[in-house]
Amino acid sequence: MLEVYDRVVNSRNHMTLVMLTVLILCVYVVMEILEWARSEVMHEAGLALDARMSHRIFHAIFEANLKRMPGGTQQPLNDFKLVRDFLSSPALLAMMEAPVSIVFLILLFLISPVLGWSSVAFSVVLTVVGWFNERSTKPPLMAANRSAIAAQQYADGSLRNAQVIESMGMLRHIHQRWMEKQREFLNLQAKASESAGGYQALSKFLQNTLSSLLLGLGCWLLLYNALNGGSGMMIIASVLGGRVLAPLVQVVAQWQTVINVRDAWARLDQLLAVVPARPENMPLPAPRGVLQVEPLVAGAPGTQANILRGVGFALAPGEVLAVVGPSASGKTTLARLLTGLWPAMAGKVRLDGADVFAWNKSELGPYVGYLPQGVELFDGTLAENIARFGDVDQAKVEAAARAVGLHEFILALPQGYDSPVGRDGAMLSGGQRQRVGLARALYGDPVYVVLDEPNSSLDEEGDAALARAIVGLKARGTTFVVMTHRTSVLAVADKMLVLRDGQAQAFGPRDEVLAALQKAAQQAQQPQPQPAAGAVSVAAA
């Protein structure tokens, strides 16, 4: 602008105007190329961070969920996305431009120390504004983030139980409870936004005021011949003054993002500290199915209450153990310990001498089958669910389906094994979901299988198919542990474990345990002999 006024307006030279225009266009092109290069670098930095950390964070969430620890939800993934996106956010880019403000400040001091110190004073004031912005917005923003997470988790839990809510008319009350959490979040966010908006307006006011102040001070210094560089320096000083404060203004404007990212980073750091990465273990040979359970003392992760106390036994390859007992006797806890899902407070579960909990599950998994009490299927086809979402070996998929009596049903479907099961297996009945879960557990002829109430939703035909499948795999050396309330599995069991109140009441060959239980039941039913009258009198005396 100064060159146009000084050279073109006075000289009326068209060539000078053209050359100045070409020059400034080249400068703009260079600026945009640098801006594009910086944005690409920061985008690549985000991708590099994702490549280094996403695997670690996903496994930490998974393990926290298994151990029932805080952080075992999708929230850490949202936090990581917030941190990753921050690398290309205006707030971080403004922080990166802050060192350039020092260069502009030095130029202002060269033009006039008065202009330089004025800019320093305004920078200090703007820094104080930023400090007050942090102090006033951080508490409500952090509380708003916690409320938002709680509201999201409550909504997710409600959706998972939609059938119960709808059938019993609970929707109005559930919605009311969710709205209370949502209103709390919105109120806290509004409070933080109102405060941040005021400080943002103040910072913008200070930036504009400094530009005009420097223009006025420059003119005043020029009148006293105290402005280095002549009259053009008035406008240059005004522009440089605005650029000195620009990064601070941008950071204050984006301070809500900064706080959110800082809060997300703290939650991620806490999760990764509580759930450290598992060390790399030496690869182990394929197991044969020798199971040794040292006396276990265990409870739910994160609690001190003992559910199992001193439960131990051993099985040889090809043996079938039936675990029976009343509800809350510890059968499901034992199943989770046997598959290495939960750690034990004392004792070990060893498969071929190796600790199942410490064994790399990616390495051990193909040799293990597990059916939990609550069968969970994943959105995909029947074949993918049975094949555990690995490479689908159609022959093995069909063999597993035949073993549980599911093959004919699947062939009758329009898409056969490519039929989708829907979210959580919604396209199937409870018994069909349980059979698919059984087929998944038996896929690939595992050498070690743990089934927790495998026939709870099965009819007589399904019971018979389950018994045949156990007999077939048992003949090939597969070790089975079956938790059950129903007696149909006992016919194919070799050994039997009776649990009561977390303790082993009996363990041994099936027939011996059944005989002992029957004898104890008969003794409990026999009437107790009544003492003689004289004995009563003596006892009373």
# chains A, B, ... in the order shown; residues from 1 in each chain; ligands from 1

$ residues_around --residues "A:Tyr443" --least-positions-apart "4" --cutoff "8 Å" --atoms "only C-alpha atoms" --output "JSON, numbers by chain"
{"A": [369, 386, 387, 396, 397, 399, 400, 439]}

$ residues_around --residues "A:Ser101" --least-positions-apart "4" --cutoff "8 Å" --atoms "only C-alpha atoms" --output "PyMOL selection string"
chain A and resi 97+105+243-245+247

$ residues_around --residues "A:Val436" --least-positions-apart "2" --cutoff "12 Å" --atoms "only C-alpha atoms" --output "ChimeraX atom specification"
/A:371,375-378,381-388,397-398,400-407,409-410,417,421,425,428-434,438-443,454,457-458,462,466

$ closest_residue --among "A:Asn455, A:Trp178, A:Gln304, A:Leu202" --to "A:Ala151" --atoms "only C-alpha atoms"
A:Trp178

$ atom_distance --atom1 "atom CA of A:Gln518" --atom2 "atom CA of A:Val449"
28.6 Å

$ atom_distance --atom1 "atom CA of A:Leu217" --atom2 "atom CA of A:Leu115"
7.2 Å

$ residues_around --residues "A:Met96" --least-positions-apart "4" --cutoff "12 Å" --atoms "only C-alpha atoms" --output "PDB file with N, CA, C and O atoms, in the first residue's frame"
ATOM      1  N   ARG A  38       2.349 -26.310   6.276  1.00  0.00           N
ATOM      2  CA  ARG A  38       2.229 -26.469   7.724  1.00  0.00           C
ATOM      3  C   ARG A  38       1.009 -27.313   8.087  1.00  0.00           C
ATOM      4  O   ARG A  38       1.082 -28.194   8.953  1.00  0.00           O
ATOM      5  N   SER A  39      -0.118 -27.048   7.427  1.00  0.00           N
ATOM      6  CA  SER A  39      -1.322 -27.835   7.719  1.00  0.00           C
ATOM      7  C   SER A  39      -1.120 -29.301   7.354  1.00  0.00           C
ATOM      8  O   SER A  39      -1.585 -30.202   8.068  1.00  0.00           O
ATOM      9  N   MET A  42       1.058 -30.915  10.082  1.00  0.00           N
ATOM     10  CA  MET A  42       0.300 -31.182  11.307  1.00  0.00           C
ATOM     11  C   MET A  42      -0.704 -32.317  11.093  1.00  0.00           C
ATOM     12  O   MET A  42      -0.961 -33.103  12.008  1.00  0.00           O
ATOM     13  N   LEU A  87      -3.950 -31.213  16.967  1.00  0.00           N
ATOM     14  CA  LEU A  87      -2.675 -30.946  16.296  1.00  0.00           C
ATOM     15  C   LEU A  87      -2.824 -30.031  15.092  1.00  0.00           C
ATOM     16  O   LEU A  87      -1.864 -29.380  14.685  1.00  0.00           O
ATOM     17  N   SER A  88      -4.007 -29.993  14.505  1.00  0.00           N
ATOM     18  CA  SER A  88      -4.230 -29.099  13.366  1.00  0.00           C
ATOM     19  C   SER A  88      -5.240 -28.002  13.688  1.00  0.00           C
ATOM     20  O   SER A  88      -5.807 -27.399  12.790  1.00  0.00           O
ATOM     21  N   SER A  89      -5.455 -27.743  14.964  1.00  0.00           N
ATOM     22  CA  SER A  89      -6.439 -26.745  15.373  1.00  0.00           C
ATOM     23  C   SER A  89      -5.845 -25.340  15.338  1.00  0.00           C
ATOM     24  O   SER A  89      -4.626 -25.159  15.436  1.00  0.00           O
ATOM     25  N   PRO A  90      -6.696 -24.307  15.201  1.00  0.00           N
ATOM     26  CA  PRO A  90      -6.192 -22.923  15.211  1.00  0.00           C
ATOM     27  C   PRO A  90      -5.461 -22.565  16.489  1.00  0.00           C
ATOM     28  O   PRO A  90      -4.530 -21.756  16.465  1.00  0.00           O
ATOM     29  N   ALA A  91      -5.861 -23.150  17.629  1.00  0.00           N
ATOM     30  CA  ALA A  91      -5.204 -22.805  18.893  1.00  0.00           C
ATOM     31  C   ALA A  91      -3.742 -23.214  18.885  1.00  0.00           C
ATOM     32  O   ALA A  91      -2.858 -22.431  19.262  1.00  0.00           O
ATOM     33  N   LEU A  92      -3.444 -24.438  18.442  1.00  0.00           N
ATOM     34  CA  LEU A  92      -2.058 -24.890  18.418  1.00  0.00           C
ATOM     35  C   LEU A  92      -1.253 -24.138  17.362  1.00  0.00           C
ATOM     36  O   LEU A  92      -0.086 -23.797  17.587  1.00  0.00           O
ATOM     37  N   VAL A 100       7.150 -15.758  16.464  1.00  0.00           N
ATOM     38  CA  VAL A 100       7.258 -14.711  15.444  1.00  0.00           C
ATOM     39  C   VAL A 100       6.881 -13.357  16.037  1.00  0.00           C
ATOM     40  O   VAL A 100       7.360 -12.309  15.586  1.00  0.00           O
ATOM     41  N   SER A 101       6.008 -13.367  17.057  1.00  0.00           N
ATOM     42  CA  SER A 101       5.629 -12.107  17.701  1.00  0.00           C
ATOM     43  C   SER A 101       6.851 -11.407  18.297  1.00  0.00           C
ATOM     44  O   SER A 101       6.901 -10.169  18.356  1.00  0.00           O
ATOM     45  N   ALA A 246      -1.785 -11.001  17.889  1.00  0.00           N
ATOM     46  CA  ALA A 246      -2.662 -11.948  17.185  1.00  0.00           C
ATOM     47  C   ALA A 246      -2.622 -13.363  17.773  1.00  0.00           C
ATOM     48  O   ALA A 246      -3.674 -13.974  18.001  1.00  0.00           O
ATOM     49  N   PRO A 247      -1.424 -13.945  18.052  1.00  0.00           N
ATOM     50  CA  PRO A 247      -1.431 -15.311  18.620  1.00  0.00           C
ATOM     51  C   PRO A 247      -2.131 -15.385  19.976  1.00  0.00           C
ATOM     52  O   PRO A 247      -2.877 -16.325  20.233  1.00  0.00           O
ATOM     53  N   LEU A 248      -1.899 -14.381  20.835  1.00  0.00           N
ATOM     54  CA  LEU A 248      -2.554 -14.400  22.137  1.00  0.00           C
ATOM     55  C   LEU A 248      -4.068 -14.285  22.003  1.00  0.00           C
ATOM     56  O   LEU A 248      -4.820 -14.973  22.698  1.00  0.00           O
ATOM     57  N   GLN A 250      -5.850 -15.251  19.469  1.00  0.00           N
ATOM     58  CA  GLN A 250      -6.349 -16.522  18.926  1.00  0.00           C
ATOM     59  C   GLN A 250      -6.409 -17.598  19.999  1.00  0.00           C
ATOM     60  O   GLN A 250      -7.366 -18.381  20.068  1.00  0.00           O
ATOM     61  N   VAL A 251      -5.409 -17.649  20.865  1.00  0.00           N
ATOM     62  CA  VAL A 251      -5.407 -18.645  21.933  1.00  0.00           C
ATOM     63  C   VAL A 251      -6.546 -18.391  22.912  1.00  0.00           C
ATOM     64  O   VAL A 251      -7.231 -19.327  23.344  1.00  0.00           O
TER      65      VAL A 251
END

$ decode --residues "stretch 389-517 of chain A" --atoms "C-alpha atoms" --output "PDB file, in the first residue's frame"
ATOM      1  CA  PHE A 389     -14.206 -62.766  12.493  1.00  0.00           C
ATOM      2  CA  GLY A 390     -10.967 -64.213  11.206  1.00  0.00           C
ATOM      3  CA  ASP A 391     -10.407 -65.807   7.819  1.00  0.00           C
ATOM      4  CA  VAL A 392     -13.573 -67.790   7.156  1.00  0.00           C
ATOM      5  CA  ASP A 393     -12.757 -71.465   6.600  1.00  0.00           C
ATOM      6  CA  GLN A 394     -16.105 -72.636   5.273  1.00  0.00           C
ATOM      7  CA  ALA A 395     -15.428 -76.299   6.009  1.00  0.00           C
ATOM      8  CA  LYS A 396     -14.609 -75.554   9.661  1.00  0.00           C
ATOM      9  CA  VAL A 397     -17.605 -73.195   9.931  1.00  0.00           C
ATOM     10  CA  GLU A 398     -19.980 -75.866   8.665  1.00  0.00           C
ATOM     11  CA  ALA A 399     -18.394 -78.505  10.920  1.00  0.00           C
ATOM     12  CA  ALA A 400     -18.944 -76.318  13.974  1.00  0.00           C
ATOM     13  CA  ALA A 401     -22.527 -75.578  12.917  1.00  0.00           C
ATOM     14  CA  ARG A 402     -23.236 -79.280  12.370  1.00  0.00           C
ATOM     15  CA  ALA A 403     -21.796 -80.116  15.779  1.00  0.00           C
ATOM     16  CA  VAL A 404     -24.438 -77.984  17.525  1.00  0.00           C
ATOM     17  CA  GLY A 405     -27.302 -78.873  15.182  1.00  0.00           C
ATOM     18  CA  LEU A 406     -27.382 -75.486  13.434  1.00  0.00           C
ATOM     19  CA  HIS A 407     -26.399 -76.441   9.890  1.00  0.00           C
ATOM     20  CA  GLU A 408     -29.884 -77.280   8.575  1.00  0.00           C
ATOM     21  CA  PHE A 409     -31.368 -74.100  10.032  1.00  0.00           C
ATOM     22  CA  ILE A 410     -28.700 -71.955   8.379  1.00  0.00           C
ATOM     23  CA  LEU A 411     -29.137 -73.649   4.996  1.00  0.00           C
ATOM     24  CA  ALA A 412     -32.862 -72.852   5.146  1.00  0.00           C
ATOM     25  CA  LEU A 413     -32.120 -69.110   5.359  1.00  0.00           C
ATOM     26  CA  PRO A 414     -32.235 -67.136   2.075  1.00  0.00           C
ATOM     27  CA  GLN A 415     -28.555 -66.120   2.362  1.00  0.00           C
ATOM     28  CA  GLY A 416     -27.368 -69.212   4.188  1.00  0.00           C
ATOM     29  CA  TYR A 417     -24.134 -68.684   6.063  1.00  0.00           C
ATOM     30  CA  ASP A 418     -23.933 -65.138   4.656  1.00  0.00           C
ATOM     31  CA  SER A 419     -27.097 -64.153   6.544  1.00  0.00           C
ATOM     32  CA  PRO A 420     -26.543 -61.124   8.826  1.00  0.00           C
ATOM     33  CA  VAL A 421     -27.217 -61.632  12.523  1.00  0.00           C
ATOM     34  CA  GLY A 422     -27.948 -57.954  13.176  1.00  0.00           C
ATOM     35  CA  ARG A 423     -26.757 -55.840  16.067  1.00  0.00           C
ATOM     36  CA  ASP A 424     -26.273 -58.050  19.160  1.00  0.00           C
ATOM     37  CA  GLY A 425     -27.740 -60.953  17.166  1.00  0.00           C
ATOM     38  CA  ALA A 426     -31.158 -59.278  17.020  1.00  0.00           C
ATOM     39  CA  MET A 427     -32.174 -61.319  13.935  1.00  0.00           C
ATOM     40  CA  LEU A 428     -31.990 -64.582  15.927  1.00  0.00           C
ATOM     41  CA  SER A 429     -33.938 -66.056  18.815  1.00  0.00           C
ATOM     42  CA  GLY A 430     -32.336 -66.683  22.202  1.00  0.00           C
ATOM     43  CA  GLY A 431     -31.805 -70.383  21.511  1.00  0.00           C
ATOM     44  CA  GLN A 432     -30.388 -69.678  18.043  1.00  0.00           C
ATOM     45  CA  ARG A 433     -27.973 -67.088  19.465  1.00  0.00           C
ATOM     46  CA  GLN A 434     -26.805 -69.619  22.029  1.00  0.00           C
ATOM     47  CA  ARG A 435     -26.197 -72.248  19.346  1.00  0.00           C
ATOM     48  CA  VAL A 436     -24.218 -69.760  17.247  1.00  0.00           C
ATOM     49  CA  GLY A 437     -22.187 -68.946  20.364  1.00  0.00           C
ATOM     50  CA  LEU A 438     -21.591 -72.657  20.896  1.00  0.00           C
ATOM     51  CA  ALA A 439     -20.507 -73.107  17.283  1.00  0.00           C
ATOM     52  CA  ARG A 440     -18.100 -70.182  17.727  1.00  0.00           C
ATOM     53  CA  ALA A 441     -16.663 -71.786  20.862  1.00  0.00           C
ATOM     54  CA  LEU A 442     -16.141 -75.133  19.065  1.00  0.00           C
ATOM     55  CA  TYR A 443     -14.806 -73.621  15.817  1.00  0.00           C
ATOM     56  CA  GLY A 444     -11.473 -75.061  14.755  1.00  0.00           C
ATOM     57  CA  ASP A 445     -11.535 -78.017  17.204  1.00  0.00           C
ATOM     58  CA  PRO A 446     -10.045 -76.208  20.241  1.00  0.00           C
ATOM     59  CA  VAL A 447      -8.173 -78.289  22.832  1.00  0.00           C
ATOM     60  CA  TYR A 448      -9.645 -76.454  25.830  1.00  0.00           C
ATOM     61  CA  VAL A 449     -13.284 -75.337  26.119  1.00  0.00           C
ATOM     62  CA  VAL A 450     -15.103 -73.542  28.951  1.00  0.00           C
ATOM     63  CA  LEU A 451     -18.903 -73.342  28.695  1.00  0.00           C
ATOM     64  CA  ASP A 452     -20.917 -71.272  31.181  1.00  0.00           C
ATOM     65  CA  GLU A 453     -24.554 -72.471  31.207  1.00  0.00           C
ATOM     66  CA  PRO A 454     -24.396 -73.595  27.534  1.00  0.00           C
ATOM     67  CA  ASN A 455     -27.885 -75.124  27.539  1.00  0.00           C
ATOM     68  CA  SER A 456     -29.832 -72.452  29.430  1.00  0.00           C
ATOM     69  CA  SER A 457     -31.752 -71.474  26.271  1.00  0.00           C
ATOM     70  CA  LEU A 458     -31.687 -74.839  24.474  1.00  0.00           C
ATOM     71  CA  ASP A 459     -34.562 -77.262  23.972  1.00  0.00           C
ATOM     72  CA  GLU A 460     -34.230 -81.059  24.174  1.00  0.00           C
ATOM     73  CA  GLU A 461     -32.898 -81.259  20.620  1.00  0.00           C
ATOM     74  CA  GLY A 462     -30.296 -78.601  21.395  1.00  0.00           C
ATOM     75  CA  ASP A 463     -29.349 -80.420  24.596  1.00  0.00           C
ATOM     76  CA  ALA A 464     -28.796 -83.620  22.649  1.00  0.00           C
ATOM     77  CA  ALA A 465     -26.720 -81.793  20.009  1.00  0.00           C
ATOM     78  CA  LEU A 466     -24.574 -80.230  22.742  1.00  0.00           C
ATOM     79  CA  ALA A 467     -23.956 -83.630  24.335  1.00  0.00           C
ATOM     80  CA  ARG A 468     -22.985 -85.132  20.972  1.00  0.00           C
ATOM     81  CA  ALA A 469     -20.605 -82.232  20.285  1.00  0.00           C
ATOM     82  CA  ILE A 470     -18.886 -82.675  23.664  1.00  0.00           C
ATOM     83  CA  VAL A 471     -18.529 -86.427  23.101  1.00  0.00           C
ATOM     84  CA  GLY A 472     -17.116 -85.891  19.605  1.00  0.00           C
ATOM     85  CA  LEU A 473     -14.472 -83.340  20.686  1.00  0.00           C
ATOM     86  CA  LYS A 474     -13.704 -85.304  23.848  1.00  0.00           C
ATOM     87  CA  ALA A 475     -12.724 -88.269  21.670  1.00  0.00           C
ATOM     88  CA  ARG A 476     -10.214 -85.988  19.932  1.00  0.00           C
ATOM     89  CA  GLY A 477      -8.643 -84.927  23.244  1.00  0.00           C
ATOM     90  CA  THR A 478     -10.478 -81.682  24.006  1.00  0.00           C
ATOM     91  CA  THR A 479     -10.698 -80.758  27.695  1.00  0.00           C
ATOM     92  CA  PHE A 480     -14.109 -79.409  28.753  1.00  0.00           C
ATOM     93  CA  VAL A 481     -15.256 -77.448  31.795  1.00  0.00           C
ATOM     94  CA  VAL A 482     -19.040 -76.977  31.771  1.00  0.00           C
ATOM     95  CA  MET A 483     -20.930 -74.846  34.306  1.00  0.00           C
ATOM     96  CA  THR A 484     -24.521 -76.041  34.409  1.00  0.00           C
ATOM     97  CA  HIS A 485     -27.766 -76.174  36.360  1.00  0.00           C
ATOM     98  CA  ARG A 486     -29.230 -78.905  34.175  1.00  0.00           C
ATOM     99  CA  THR A 487     -28.480 -82.595  34.523  1.00  0.00           C
ATOM    100  CA  SER A 488     -28.333 -83.407  30.805  1.00  0.00           C
ATOM    101  CA  VAL A 489     -24.615 -82.568  30.627  1.00  0.00           C
ATOM    102  CA  LEU A 490     -23.793 -84.873  33.534  1.00  0.00           C
ATOM    103  CA  ALA A 491     -24.265 -87.915  31.290  1.00  0.00           C
ATOM    104  CA  VAL A 492     -21.129 -87.014  29.282  1.00  0.00           C
ATOM    105  CA  ALA A 493     -19.053 -85.716  32.232  1.00  0.00           C
ATOM    106  CA  ASP A 494     -16.063 -87.609  33.617  1.00  0.00           C
ATOM    107  CA  LYS A 495     -15.629 -85.553  36.753  1.00  0.00           C
ATOM    108  CA  MET A 496     -17.813 -83.297  38.828  1.00  0.00           C
ATOM    109  CA  LEU A 497     -17.163 -80.240  40.988  1.00  0.00           C
ATOM    110  CA  VAL A 498     -19.776 -78.999  43.447  1.00  0.00           C
ATOM    111  CA  LEU A 499     -19.491 -75.337  44.452  1.00  0.00           C
ATOM    112  CA  ARG A 500     -21.295 -73.693  47.328  1.00  0.00           C
ATOM    113  CA  ASP A 501     -20.608 -70.186  48.654  1.00  0.00           C
ATOM    114  CA  GLY A 502     -17.395 -70.020  46.626  1.00  0.00           C
ATOM    115  CA  GLN A 503     -15.925 -73.214  48.054  1.00  0.00           C
ATOM    116  CA  ALA A 504     -15.534 -76.719  46.641  1.00  0.00           C
ATOM    117  CA  GLN A 505     -17.928 -79.032  48.479  1.00  0.00           C
ATOM    118  CA  ALA A 506     -16.999 -82.091  46.433  1.00  0.00           C
ATOM    119  CA  PHE A 507     -14.715 -82.998  43.534  1.00  0.00           C
ATOM    120  CA  GLY A 508     -13.940 -86.295  41.865  1.00  0.00           C
ATOM    121  CA  PRO A 509     -15.277 -88.846  39.404  1.00  0.00           C
ATOM    122  CA  ARG A 510     -18.870 -88.109  38.457  1.00  0.00           C
ATOM    123  CA  ASP A 511     -20.405 -91.311  39.829  1.00  0.00           C
ATOM    124  CA  GLU A 512     -18.586 -91.008  43.158  1.00  0.00           C
ATOM    125  CA  VAL A 513     -19.662 -87.371  43.625  1.00  0.00           C
ATOM    126  CA  LEU A 514     -23.266 -88.177  42.664  1.00  0.00           C
ATOM    127  CA  ALA A 515     -23.322 -91.096  45.092  1.00  0.00           C
ATOM    128  CA  ALA A 516     -21.933 -88.908  47.875  1.00  0.00           C
ATOM    129  CA  LEU A 517     -24.512 -86.202  47.153  1.00  0.00           C
TER     130      LEU A 517
END
